[in-house]
Each structure stands twice: as structure tokens, then as C-alpha cells.
$ cat query.csv   # CSV, C-alpha atoms
chain,number,residue,atom,x,y,z
X,33,MET,CA,-3.5,-6.1,-36.0
X,34,THR,CA,-7.2,-5.5,-36.8
X,35,PRO,CA,-8.6,-2.8,-34.5
X,36,ASP,CA,-11.9,-3.2,-32.7
X,37,THR,CA,-14.2,-1.2,-35.1
X,38,GLY,CA,-16.4,0.1,-32.3
X,39,THR,CA,-13.5,1.3,-30.2
X,40,PHE,CA,-11.8,2.9,-33.1
X,41,ASP,CA,-15.0,4.6,-34.3
X,42,GLU,CA,-15.4,6.0,-30.8
X,43,PHE,CA,-11.8,7.3,-30.9
X,44,LEU,CA,-12.4,8.9,-34.3
X,45,ALA,CA,-15.6,10.6,-33.1
X,46,THR,CA,-13.8,12.6,-30.4
X,47,PHE,CA,-12.0,14.7,-33.1
X,48,THR,CA,-13.6,17.5,-35.0
X,49,GLU,CA,-10.9,19.2,-37.0
X,50,GLU,CA,-12.1,20.9,-40.2
X,51,PRO,CA,-11.6,19.1,-43.6
X,52,GLY,CA,-8.4,20.0,-45.4
X,53,TYR,CA,-6.0,19.7,-42.4
X,54,LEU,CA,-2.9,17.8,-43.4
X,55,ASP,CA,-0.3,19.3,-41.0
X,56,PHE,CA,-0.2,17.0,-38.0
X,57,ALA,CA,3.6,16.9,-38.1
X,58,LYS,CA,3.6,20.6,-37.2
X,59,ARG,CA,0.8,20.7,-34.7
X,60,ALA,CA,-2.4,18.6,-34.1
X,61,PRO,CA,-5.9,19.7,-33.3
X,62,VAL,CA,-6.9,18.3,-29.9
X,63,GLY,CA,-10.0,16.2,-29.5
X,64,ARG,CA,-13.0,16.4,-27.2
X,65,THR,CA,-11.5,14.1,-24.6
X,66,VAL,CA,-8.5,16.4,-24.1
X,67,ARG,CA,-10.7,19.5,-24.1
X,68,ASP,CA,-13.1,18.0,-21.5
X,69,GLU,CA,-10.1,16.9,-19.3
X,70,GLU,CA,-8.7,20.4,-19.4
X,71,SER,CA,-12.1,21.9,-18.6
X,72,ALA,CA,-12.6,19.5,-15.7
X,73,MET,CA,-9.2,20.2,-14.2
X,74,SER,CA,-9.5,24.0,-14.6
X,75,SER,CA,-12.9,23.8,-12.9
X,76,LEU,CA,-11.3,22.0,-9.9
X,77,LEU,CA,-8.6,24.6,-9.8
X,78,GLY,CA,-11.1,27.4,-10.1
X,79,ARG,CA,-13.4,26.2,-7.3
X,80,SER,CA,-10.8,24.7,-5.0
X,81,ARG,CA,-13.4,22.9,-2.9
X,82,PHE,CA,-12.1,21.1,0.1
X,83,GLY,CA,-10.4,17.9,-0.8
X,84,THR,CA,-10.6,18.3,-4.6
X,85,LEU,CA,-7.1,19.6,-5.2
X,86,ASP,CA,-5.7,16.2,-4.4
X,87,THR,CA,-6.9,15.2,-7.8
X,88,LEU,CA,-4.5,17.8,-9.3
X,89,ASP,CA,-1.6,16.4,-7.3
X,90,ALA,CA,-2.4,12.9,-8.6
X,91,GLN,CA,-1.8,13.9,-12.3
X,92,ASP,CA,1.9,13.4,-12.1
X,93,ALA,CA,1.7,9.7,-11.3
X,94,ARG,CA,-1.1,9.3,-13.8
X,95,VAL,CA,0.8,10.8,-16.7
X,96,ARG,CA,4.0,8.9,-15.9
X,97,ALA,CA,1.9,5.7,-16.0
X,98,ALA,CA,0.4,6.6,-19.3
X,99,VAL,CA,3.8,7.3,-20.8
X,100,ALA,CA,5.1,4.0,-19.4
X,101,ALA,CA,2.3,2.1,-20.9
X,102,LEU,CA,3.1,3.3,-24.4
X,103,THR,CA,6.9,3.2,-24.2
X,104,GLY,CA,7.8,0.1,-22.1
X,105,PHE,CA,9.7,2.2,-19.6
X,106,ARG,CA,8.8,1.9,-15.9
X,107,ASP,CA,6.9,4.9,-14.5
X,108,ASP,CA,9.7,5.7,-12.2
X,109,GLN,CA,12.0,6.1,-15.3
X,110,VAL,CA,9.7,8.8,-16.7
X,111,VAL,CA,9.6,12.5,-15.8
X,112,PHE,CA,7.1,15.0,-17.2
X,113,GLN,CA,8.5,17.8,-19.4
X,114,PRO,CA,6.6,20.8,-20.8
X,115,ASN,CA,8.1,20.3,-24.3
X,116,THR,CA,10.6,18.2,-26.2
X,117,SER,CA,13.3,20.9,-26.2
X,118,GLN,CA,13.5,21.1,-22.4
X,119,GLY,CA,13.8,17.3,-22.2
X,120,LEU,CA,16.6,17.4,-24.8
X,121,MET,CA,18.4,20.1,-22.8
X,122,HIS,CA,18.3,17.9,-19.7
X,123,ALA,CA,19.8,15.1,-21.7
X,124,MET,CA,22.5,17.0,-23.6
X,125,PHE,CA,23.7,19.1,-20.6
X,126,GLY,CA,23.9,15.8,-18.6
X,127,LEU,CA,26.2,14.1,-21.1
X,128,THR,CA,29.9,13.6,-21.0
X,129,GLY,CA,32.0,12.7,-24.0
X,130,GLU,CA,31.4,12.7,-27.8
X,131,ILE,CA,27.9,12.5,-29.2
X,132,LEU,CA,27.3,11.7,-32.8
X,133,LEU,CA,24.3,13.3,-34.5
X,134,SER,CA,23.2,14.8,-37.8
X,135,PRO,CA,23.5,18.5,-38.3
X,136,ALA,CA,20.1,18.2,-40.2
X,137,GLU,CA,18.2,17.2,-37.0
X,138,PHE,CA,15.4,19.4,-35.9
X,139,PRO,CA,17.1,22.5,-34.2
X,140,SER,CA,15.9,21.4,-30.7
X,141,ASN,CA,18.6,18.7,-30.9
X,142,THR,CA,21.5,20.6,-32.4
X,143,TYR,CA,20.9,23.7,-30.2
X,144,ALA,CA,20.8,21.6,-27.1
X,145,VAL,CA,24.1,19.9,-27.8
X,146,ALA,CA,25.8,23.1,-29.0
X,147,ARG,CA,24.6,25.0,-25.9
X,148,ALA,CA,25.8,22.2,-23.6
X,149,ALA,CA,29.2,22.1,-25.3
X,150,ASP,CA,29.6,25.8,-25.1
X,151,ALA,CA,28.5,26.1,-21.5
X,152,LEU,CA,30.1,23.1,-19.8
X,153,GLY,CA,32.6,21.6,-22.3
X,154,ALA,CA,31.7,18.2,-21.1
X,155,VAL,CA,29.9,17.0,-24.3
X,156,SER,CA,31.5,17.3,-27.7
X,157,PRO,CA,29.2,17.1,-30.8
X,158,ARG,CA,30.5,15.3,-33.9
X,159,TRP,CA,28.3,15.8,-37.0
X,160,LEU,CA,27.1,12.7,-38.8
X,161,GLU,CA,27.1,12.5,-42.6
X,162,THR,CA,23.7,11.1,-43.6
X,163,ASP,CA,22.5,9.1,-46.5
X,164,HIS,CA,20.5,11.9,-48.3
X,165,GLY,CA,19.1,13.0,-44.9
X,166,ARG,CA,18.5,9.4,-43.6
X,167,ILE,CA,20.4,7.8,-40.7
X,168,THR,CA,20.8,4.1,-41.3
X,169,PRO,CA,22.7,1.5,-39.3
X,170,GLY,CA,25.2,1.1,-42.2
X,171,ASN,CA,26.2,4.8,-42.5
X,172,LEU,CA,26.2,5.2,-38.7
X,173,LYS,CA,28.5,2.2,-38.2
X,174,ARG,CA,31.1,3.6,-40.6
X,175,GLN,CA,31.3,6.8,-38.6
X,176,LEU,CA,31.5,5.5,-35.0
X,177,ARG,CA,34.7,5.9,-33.1
X,178,LYS,CA,36.0,4.5,-29.9
X,179,SER,CA,35.5,8.0,-28.4
X,180,THR,CA,31.8,8.1,-29.3
X,181,ALA,CA,29.9,8.0,-26.0
X,182,ALA,CA,26.3,8.6,-27.4
X,183,VAL,CA,24.3,8.6,-30.6
X,184,GLU,CA,21.3,10.8,-31.1
X,185,VAL,CA,18.6,10.2,-33.7
X,186,SER,CA,15.1,11.3,-34.5
X,187,LEU,CA,12.6,8.5,-34.6
X,188,VAL,CA,11.1,10.1,-37.7
X,189,ASP,CA,12.9,12.8,-39.6
X,190,TYR,CA,10.8,15.9,-39.9
X,191,ARG,CA,12.2,16.8,-43.3
X,192,THR,CA,12.3,13.4,-45.1
X,193,GLY,CA,9.7,11.5,-43.1
X,194,TYR,CA,12.2,8.6,-42.7
X,195,LEU,CA,11.5,6.2,-39.9
X,196,VAL,CA,14.8,5.0,-38.4
X,197,ASP,CA,15.6,1.4,-37.7
X,198,LEU,CA,16.1,1.6,-33.9
X,199,GLU,CA,16.9,-2.1,-33.7
X,200,GLY,CA,19.6,-1.9,-36.3
X,201,ILE,CA,21.0,1.2,-34.8
X,202,ARG,CA,21.1,-0.4,-31.3
X,203,ASP,CA,22.9,-3.4,-32.8
X,204,VAL,CA,25.7,-1.3,-34.4
X,205,ILE,CA,26.3,1.2,-31.6
X,206,GLY,CA,26.8,-1.4,-28.9
X,207,ASP,CA,26.7,-0.1,-25.3
X,208,ARG,CA,26.9,3.6,-26.3
X,209,LEU,CA,23.9,5.7,-25.1
X,210,LEU,CA,21.1,5.9,-27.6
X,211,ILE,CA,19.1,9.2,-27.4
X,212,VAL,CA,15.8,9.4,-29.4
X,213,ASP,CA,13.8,12.4,-30.2
X,214,ALA,CA,10.5,10.7,-30.7
X,215,ILE,CA,8.1,13.6,-31.3
X,216,GLN,CA,7.5,12.9,-35.0
X,217,GLY,CA,6.5,9.3,-34.3
X,218,PHE,CA,5.2,9.2,-30.7
X,219,GLY,CA,1.6,8.1,-30.8
X,220,ILE,CA,1.6,6.6,-34.3
X,221,VAL,CA,4.7,4.4,-34.4
X,222,ASP,CA,4.9,1.1,-32.6
X,223,ALA,CA,8.6,1.6,-31.9
X,224,PRO,CA,10.9,-0.5,-29.7
X,225,TYR,CA,11.5,2.4,-27.3
X,226,HIS,CA,13.0,0.0,-24.7
X,227,LEU,CA,16.1,-0.2,-26.9
X,228,ALA,CA,16.9,3.5,-26.3
X,229,ASP,CA,18.5,5.0,-23.2
X,230,VAL,CA,16.8,8.3,-23.6
X,231,VAL,CA,13.4,9.0,-25.2
X,232,VAL,CA,12.1,12.5,-25.4
X,233,SER,CA,8.8,13.7,-26.9
X,234,GLY,CA,6.2,16.5,-26.8
X,235,GLY,CA,2.5,16.0,-27.0
X,236,GLN,CA,1.4,18.8,-29.3
X,237,LYS,CA,1.8,16.8,-32.6
X,238,TRP,CA,0.7,13.2,-33.1
X,239,ALA,CA,-0.3,12.6,-29.5
X,240,ARG,CA,-2.8,15.4,-29.9
X,241,ALA,CA,-2.5,16.7,-26.3
X,242,GLY,CA,-1.7,20.3,-27.0
X,243,TRP,CA,1.3,22.5,-26.0
X,244,GLY,CA,2.9,22.3,-22.7
X,245,THR,CA,3.0,18.5,-22.6
X,246,GLY,CA,5.9,16.0,-23.0
X,247,PHE,CA,8.2,13.6,-21.3
X,248,LEU,CA,11.7,12.4,-20.7
X,249,ALA,CA,12.2,8.7,-20.3
X,250,LEU,CA,15.6,7.3,-19.1
X,251,SER,CA,16.9,3.8,-18.8
X,252,ASP,CA,18.7,2.8,-15.6
X,253,ARG,CA,22.0,3.1,-17.5
X,254,ALA,CA,21.1,6.7,-18.6
X,255,ILE,CA,20.2,7.7,-15.0
X,256,GLU,CA,23.6,6.5,-13.9
X,257,SER,CA,25.4,8.2,-16.8
X,258,LEU,CA,23.7,11.6,-17.1
X,259,VAL,CA,24.3,14.4,-14.6
X,260,PRO,CA,21.1,16.3,-13.7
X,261,VAL,CA,22.5,19.7,-14.3
X,262,PHE,CA,19.1,21.5,-14.2
X,263,SER,CA,17.6,20.0,-11.1
X,264,GLY,CA,15.2,22.0,-9.0
X,265,TRP,CA,14.1,22.0,-5.4
X,266,ASN,CA,11.3,19.6,-6.2
X,267,ALA,CA,13.8,17.0,-7.5
X,268,THR,CA,15.3,16.3,-4.1
X,269,ASP,CA,14.4,13.9,-1.3
X,270,TYR,CA,13.4,16.6,1.1
X,271,GLU,CA,10.7,16.3,3.7
X,272,GLY,CA,8.8,19.3,4.9
X,273,THR,CA,10.3,22.7,4.0
X,274,PRO,CA,13.9,22.4,2.9
X,275,THR,CA,16.3,24.7,4.8
X,276,GLU,CA,19.4,23.8,2.8
X,277,VAL,CA,20.2,23.0,-0.8
X,278,LEU,CA,20.0,19.3,-1.1
X,279,PRO,CA,21.5,17.1,-3.9
X,280,PRO,CA,19.3,15.8,-6.6
X,281,THR,CA,17.4,12.6,-6.0
X,282,ARG,CA,18.4,9.5,-7.8
X,283,GLY,CA,16.2,8.6,-10.8
X,284,ALA,CA,14.3,10.3,-13.6
X,285,ARG,CA,12.7,12.8,-11.2
X,286,ALA,CA,16.1,14.5,-10.8
X,287,PHE,CA,15.6,15.9,-14.3
X,288,SER,CA,12.9,18.3,-13.2
X,289,ILE,CA,13.1,22.0,-12.5
X,290,SER,CA,9.9,22.8,-10.6
X,291,ASN,CA,6.4,21.4,-10.0
X,292,PRO,CA,4.7,20.6,-13.3
X,293,ASP,CA,1.4,22.0,-14.6
X,294,PRO,CA,-1.2,19.4,-13.4
X,295,VAL,CA,-3.7,20.6,-16.0
X,296,ALA,CA,-1.2,20.0,-18.8
X,297,GLN,CA,-0.4,16.6,-17.3
X,298,ALA,CA,-4.0,15.7,-17.3
X,299,ARG,CA,-4.4,16.6,-20.9
X,300,PHE,CA,-1.4,14.5,-21.9
X,301,ALA,CA,-2.5,11.6,-19.8
X,302,ALA,CA,-6.0,11.7,-21.2
X,303,ALA,CA,-4.7,11.7,-24.8
X,304,LEU,CA,-2.3,8.8,-24.1
X,305,GLU,CA,-4.9,6.7,-22.3
X,306,GLU,CA,-7.2,7.2,-25.3
X,307,ILE,CA,-4.4,6.1,-27.7
X,308,ALA,CA,-3.6,3.1,-25.5
X,309,ALA,CA,-7.3,2.0,-25.6
X,310,VAL,CA,-7.3,1.6,-29.4
X,311,GLY,CA,-3.6,0.6,-29.6
X,312,ILE,CA,-0.7,2.2,-31.5
X,313,PRO,CA,-0.5,-0.8,-34.0
X,314,ALA,CA,-4.1,-0.1,-35.0
X,315,ILE,CA,-3.5,3.6,-35.4
X,316,SER,CA,-0.3,2.9,-37.4
X,317,GLN,CA,-2.2,0.6,-39.7
X,318,ARG,CA,-5.0,3.1,-40.4
X,319,LEU,CA,-2.5,5.9,-40.9
X,320,ALA,CA,-0.5,3.9,-43.4
X,321,GLU,CA,-3.5,3.7,-45.6
X,322,LYS,CA,-4.0,7.5,-45.5
X,323,VAL,CA,-0.3,8.0,-46.3
X,324,THR,CA,-0.5,5.6,-49.2
X,325,ARG,CA,-3.5,7.5,-50.6
X,326,ILE,CA,-1.6,10.8,-50.6
X,327,ILE,CA,1.4,9.2,-52.3
X,328,ASP,CA,-0.9,7.7,-55.0
X,329,LEU,CA,-2.5,11.1,-55.6
X,330,ALA,CA,1.0,12.7,-55.9
X,331,ASP,CA,2.0,10.0,-58.4
X,332,GLU,CA,-1.2,10.5,-60.4
X,333,PHE,CA,-0.4,14.2,-60.8
X,334,ALA,CA,3.3,13.6,-61.5
X,335,LEU,CA,4.5,15.3,-58.3
X,336,GLU,CA,7.8,13.8,-57.2
X,337,VAL,CA,7.6,12.1,-53.8
X,338,THR,CA,10.9,12.5,-52.0
X,339,SER,CA,9.9,11.0,-48.7
X,340,SER,CA,9.9,7.3,-47.9
X,341,ARG,CA,7.4,5.2,-49.8
X,342,THR,CA,8.0,1.8,-48.1
X,343,GLU,CA,5.7,1.3,-45.0
X,344,ALA,CA,8.6,0.0,-43.0
X,345,ASP,CA,10.6,3.3,-43.6
X,346,ARG,CA,7.9,5.8,-43.0
X,347,ALA,CA,5.3,7.1,-40.5
X,348,GLY,CA,2.9,9.9,-41.2
X,349,ILE,CA,4.8,12.3,-43.5
X,350,VAL,CA,4.7,12.6,-47.2
X,351,VAL,CA,7.0,15.1,-48.9
X,352,VAL,CA,6.6,16.2,-52.5
X,353,ALA,CA,9.1,18.3,-54.5
X,354,PRO,CA,7.6,20.2,-57.4
X,355,GLU,CA,9.8,21.8,-60.0
X,356,PRO,CA,11.3,25.0,-58.5
X,357,ASP,CA,9.3,27.3,-60.8
X,358,GLN,CA,6.1,25.4,-59.9
X,359,LEU,CA,6.2,25.6,-56.1
X,360,THR,CA,4.3,28.9,-55.9
X,361,LEU,CA,1.6,27.4,-58.2
X,362,LEU,CA,1.3,24.4,-55.9
X,363,SER,CA,1.2,26.4,-52.8
X,364,ALA,CA,-1.5,28.7,-54.2
X,365,SER,CA,-3.6,25.8,-55.4
X,366,LEU,CA,-3.4,24.2,-51.9
X,367,HIS,CA,-4.3,27.5,-50.2
X,368,ASN,CA,-7.2,28.1,-52.6
X,369,HIS,CA,-8.7,24.7,-51.9
X,370,GLY,CA,-8.3,25.0,-48.1
X,371,ILE,CA,-5.4,22.5,-47.6
X,372,THR,CA,-3.2,23.1,-44.6
X,373,ALA,CA,0.3,21.8,-45.2
X,374,THR,CA,3.9,22.9,-44.6
X,375,SER,CA,6.0,24.4,-47.3
X,376,ARG,CA,9.8,24.3,-46.6
X,377,GLU,CA,13.0,24.5,-48.7
X,378,GLY,CA,11.3,23.9,-52.1
X,379,THR,CA,9.1,21.0,-50.8
X,380,VAL,CA,5.6,20.6,-49.5
X,381,ARG,CA,5.0,18.3,-46.5
X,382,PHE,CA,1.7,16.6,-46.0
X,383,SER,CA,1.0,14.8,-42.7
X,384,PRO,CA,-2.5,13.2,-42.3
X,385,HIS,CA,-3.8,11.4,-39.3
X,386,VAL,CA,-6.4,8.6,-38.9
X,387,THR,CA,-9.1,11.2,-38.7
X,388,THR,CA,-8.3,12.5,-42.2
X,389,ASP,CA,-11.6,12.1,-44.0
X,390,GLU,CA,-12.9,11.7,-47.6
X,391,GLU,CA,-13.7,15.4,-47.9
X,392,THR,CA,-10.0,16.2,-47.2
X,393,PHE,CA,-8.9,13.8,-49.9
X,394,ALA,CA,-11.4,15.3,-52.3
X,395,MET,CA,-10.1,18.8,-51.5
X,396,LEU,CA,-6.5,17.6,-52.1
X,397,ARG,CA,-7.4,16.1,-55.4
X,398,ALA,CA,-9.1,19.3,-56.4
X,399,ALA,CA,-6.0,21.3,-55.4
X,400,PHE,CA,-3.7,19.0,-57.4
X,401,THR,CA,-6.1,19.2,-60.4
X,402,SER,CA,-5.9,23.0,-60.3
X,403,PHE,CA,-2.2,22.9,-60.0
X,404,ALA,CA,-1.8,20.5,-63.0
X,405,SER,CA,-4.1,22.8,-65.1
X,406,ALA,CA,-2.1,25.9,-64.2
X,407,VAL,CA,1.2,24.1,-65.1
X,408,SER,CA,-0.1,23.0,-68.5
X,409,LEU,CA,-1.1,26.5,-69.5

$ encode --input "query.csv" --output "C-alpha cells"
Amino acid sequence: MTPDTGTFDEFLATFTEEPGYLDFAKRAPVGRTVRDEESAMSSLLGRSRFGTLDTLDAQDARVRAAVAALTGFRDDQVVFQPNTSQGLMHAMFGLTGEILLSPAEFPSNTYAVARAADALGAVSPRWLETDHGRITPGNLKRQLRKSTAAVEVSLVDYRTGYLVDLEGIRDVIGDRLLIVDAIQGFGIVDAPYHLADVVVSGGQKWARAGWGTGFLALSDRAIESLVPVFSGWNATDYEGTPTEVLPPTRGARAFSISNPDPVAQARFAAALEEIAAVGIPAISQRLAEKVTRIIDLADEFALEVTSSRTEADRAGIVVVAPEPDQLTLLSASLHNHGITATSREGTVRFSPHVTTDEETFAMLRAAFTSFASAVSL
């Protein structure tokens, strides 16, 4: 897909992060649209003029519609969450039976299933053996059992940058529940979310909406299968002031604890509406070019790229693994040239966005040049 140049340029112009920022997989600078939305909603809350607070109440429907537009779920299948971890807790505590997942998943996943297993004993984790950190339909199929009730995967692995094959995974797991932690791809990957039963994401990374934003999307089958263990007073079909403890409502809204923050909902909705206006395919295409440039730079300076190189198997993450005795030199060179990246377990993770500019690439080249010079001494 070729993006509309005018629309895309307008999208890019709303962001003002400093050059050198290559850490979107950790947290993303928010743009002017989100900041203006937060300011407007906070002003409404601060003034509380007659009739204006209804706008705050309308943000729940707005954000659910925005999530639905990008995922393919219906808006009534979506419930706002303040972060990915809480959405995963809702899903894992609601499960019954064996769930297959990798022990190398981001801790939000492993902690949620372990806590649910310890507390209720209804779900039983079985740890998946991966293909060098990657979950593929082939290695997943070999480890399925009749007792497996659900499979959990990350859309994009935070360590390896690997983009899973959701279509292939859905084919091999059959009618088992498919749970997807989408945070490392939501907003930049044109994924077939409709194939999943549970999709969870936060908005502080690629969606660029800041902290306190996220969602839980549930298929009709998931709504029937999951028990809303943590279900608050607002997740019931009460009218007026409830005088008794009512059962949870039916639907995604049951997986809610209290009234959400309407200012956070507005930020998230504004960010997603802006993404929808330019289109995720267009964002993905532009980002692929940025990722390729970082890979090419790493190759030029003989830095081993351990993340996925093929466009079909990657999203926005590039991981390089210097020689163990050279990691400190690389980290120092990046720091000295103003490059923000994540160093973890002997590797350095770079994660650009479509707003990554020429000055940033020049800074990265300078950092790699200094690193190469220090190594050769």
C-alpha cells in the first residue's frame, strides 16, 4: 500500500522526539495530538462546566470503537484496560485447563498464569520449548496435547523481534483458545487479530498513547469460556444505585474492575484514530524501511544481527550481539553519541519508528564508527 503523502506527512509532523531515540519497544514519546487531547480533557475536568462532563463519559465508547477499527473485533467485544498486565491477569485468571506458553515470554504473561495457577488451581501452565526463542507453527504443533485448552503467544517477541505467524498457529491449534499479547506489534503490524480469541495490548509503546492505556479484546467464544474473576461493581447490569452484589454482565465489559480513566481513554482513542487515518499497512511499510537501514548499518560495521531479517518475520525491533568483551564499548559509544536503546543480556535492541529521521541515522553511524575504532585499537 502506498500511503497518501500529505496525510502521512501530517502524521509525522505531530511528533517531536529528539534525534537519537531508538527505543520505541520500551516506551514511545507521545505526539502533539495525544498531548492536546489530554490537555483538553483535563481542562474539561478542571472547569466542570454544566453539561461538559458528558464528554468524559463518552470516551469509553470512543476508545472501544477505535480499538475495534484496528483489530476487527466488535466494539462490544472490547474493554478498556489501564495496561497489558491487567488485561493478561483477567485472561489467565479466567482460564480453565492447560495453557501452553513459552517461559521466555515477557514476565507479564508468565506471572499472570503462574499467579492464577497458584491462587485458583484452575489453569495449569505447560512451558513451551521454542526454536531459539521463536514460536513457530511447527514446533508448537509437536508440543500440543489433547489436554491443551489454550495457547498464548506474543505477536512480536520482545527479545528476538520475531513476528509470529498467527494464521499458521491458528491452523495447528484448532479450536483451542488463542491468546495474543500484542503490545510489541499493536499499531505497526497489520495482524489478523480476528484469528485470536484474546488480544491484549497497552498503548505506551508503538501506539504512542502514554501509560495508563490499553485494551482487552475477546471473541464470543472467549467470553463464553473465560470466567470474569476480577469483575467490579461497574461490570454488572445494575440500574440506579445497586443495593446487592450482582453477577457480572455477559460480555467483555464483565472484565472490568472499576470506572476507567476517561482522560487516558481519550489519549488512547486519539492516538488510534490518528493511526487509522494513515493506515497500519502504510506505517508498517515505512517502518520496514527504517528497520532495514539499521540492519544494513549493523552489517557494515560487522555487528551480528540476531533478530529477524526477513520482513515477514519482523516488526520494529533489531537486536545486535557484539562480542561479550565489546558490549561495554558499544554501549559507551551509543551513549556518547546520544543514542537511546535497550541493552539486555549481552545484546543491544534498537527499535525505530516511522518518525526516526536522518539525523538519528547519522548519530547511529557515528556511534558505530566510534565503536569500530575502539575495537580496532

$ residues_near_point --input "query.csv" --point "(14.0, 25.1, -52.5)" --cutoff "12 Å" --atoms "only C-alpha atoms" --output "PyMOL selection string"
chain X and resi 352-360+375-380

$ residues_around --input "query.csv" --residues "stretch 134-144 of chain X" --least-positions-apart "3" --cutoff "9 Å" --atoms "all atoms listed in the file" --output "ChimeraX atom specification"
/X:116-118,120-125,147-149,157-162,165,167,184-186,189-191,213

$ residues_around --input "query.csv" --residues "X:Ser71" --least-positions-apart "5" --cutoff "9 Å" --atoms "all atoms listed in the file" --output "PyMOL selection string"
chain X and resi 66+76+295

$ closest_residue --input "query.csv" --among "X:Phe382, X:Phe287, X:Phe218, X:Phe247" --to "X:Ala97" --atoms "only C-alpha atoms"
X:Phe247

$ atom_distance --input "query.csv" --atom1 "atom CA of X:Asp41" --atom2 "atom CA of X:Ala330"
28.1 Å

$ residues_near_point --input "query.csv" --point "(10.8, 26.1, -16.3)" --cutoff "10 Å" --atoms "only C-alpha atoms" --output "PyMOL selection string"
chain X and resi 113-114+118+262+264+288-292

$ closest_residue --input "query.csv" --among "X:Ile131, X:Ala309, X:Ile326, X:Ala182" --to "X:Ala254" --atoms "all atoms listed in the file"
X:Ala182

$ closest_residue --input "query.csv" --among "X:Leu195, X:Val386, X:Ala98, X:Ile201" --to "X:Ala314" --atoms "all atoms listed in the file"
X:Val386

$ closest_residue --input "query.csv" --among "X:Val110, X:Ala239, X:Val407, X:Leu77" --to "X:Ile315" --atoms "all atoms listed in the file"
X:Ala239

$ closest_residue --input "query.csv" --among "X:Ser251, X:Asn171, X:Thr372, X:Thr275" --to "X:Ala228" --atoms "only C-alpha atoms"
X:Ser251

$ closest_residue --input "query.csv" --among "X:Trp265, X:Asn368, X:Pro384, X:Gly246" --to "X:Thr324" --atoms "all atoms listed in the file"
X:Pro384

$ atom_distance --input "query.csv" --atom1 "atom CA of X:Ala249" --atom2 "atom CA of X:Phe105"
7.0 Å

$ decode --input "query.csv" --residues "stretch 316-327 of chain X" --atoms "N, CA and C atoms" --output "tab-separated table (two decimals), in the first residue's frame"
chain	number	residue	atom	x	y	z
X	316	SER	N	3.50	0.27	8.61
X	316	SER	CA	4.35	-0.92	8.55
X	316	SER	C	5.36	-0.83	7.42
X	317	GLN	N	4.91	-0.35	6.27
X	317	GLN	CA	5.80	-0.22	5.11
X	317	GLN	C	6.93	0.76	5.38
X	318	ARG	N	6.59	1.92	5.93
X	318	ARG	CA	7.62	2.92	6.22
X	318	ARG	C	8.58	2.42	7.30
X	319	LEU	N	8.03	1.76	8.31
X	319	LEU	CA	8.88	1.27	9.39
X	319	LEU	C	9.83	0.19	8.89
X	320	ALA	N	9.38	-0.65	7.99
X	320	ALA	CA	10.24	-1.70	7.44
X	320	ALA	C	11.49	-1.11	6.81
X	321	GLU	N	11.34	0.04	6.17
X	321	GLU	CA	12.49	0.71	5.56
X	321	GLU	C	13.49	1.17	6.63
X	322	LYS	N	12.97	1.68	7.74
X	322	LYS	CA	13.86	2.13	8.83
X	322	LYS	C	14.60	0.94	9.44
X	323	VAL	N	13.88	-0.16	9.65
X	323	VAL	CA	14.49	-1.35	10.23
X	323	VAL	C	15.59	-1.88	9.32
X	324	THR	N	15.33	-1.92	8.02
X	324	THR	CA	16.33	-2.39	7.06
X	324	THR	C	17.58	-1.53	7.12
X	325	ARG	N	17.43	-0.23	7.26
X	325	ARG	CA	18.60	0.65	7.33
X	325	ARG	C	19.45	0.36	8.56
X	326	ILE	N	18.82	0.06	9.69
X	326	ILE	CA	19.60	-0.28	10.88
X	326	ILE	C	20.32	-1.61	10.69
X	327	ILE	N	19.65	-2.58	10.10
X	327	ILE	CA	20.30	-3.86	9.81
X	327	ILE	C	21.49	-3.67	8.90
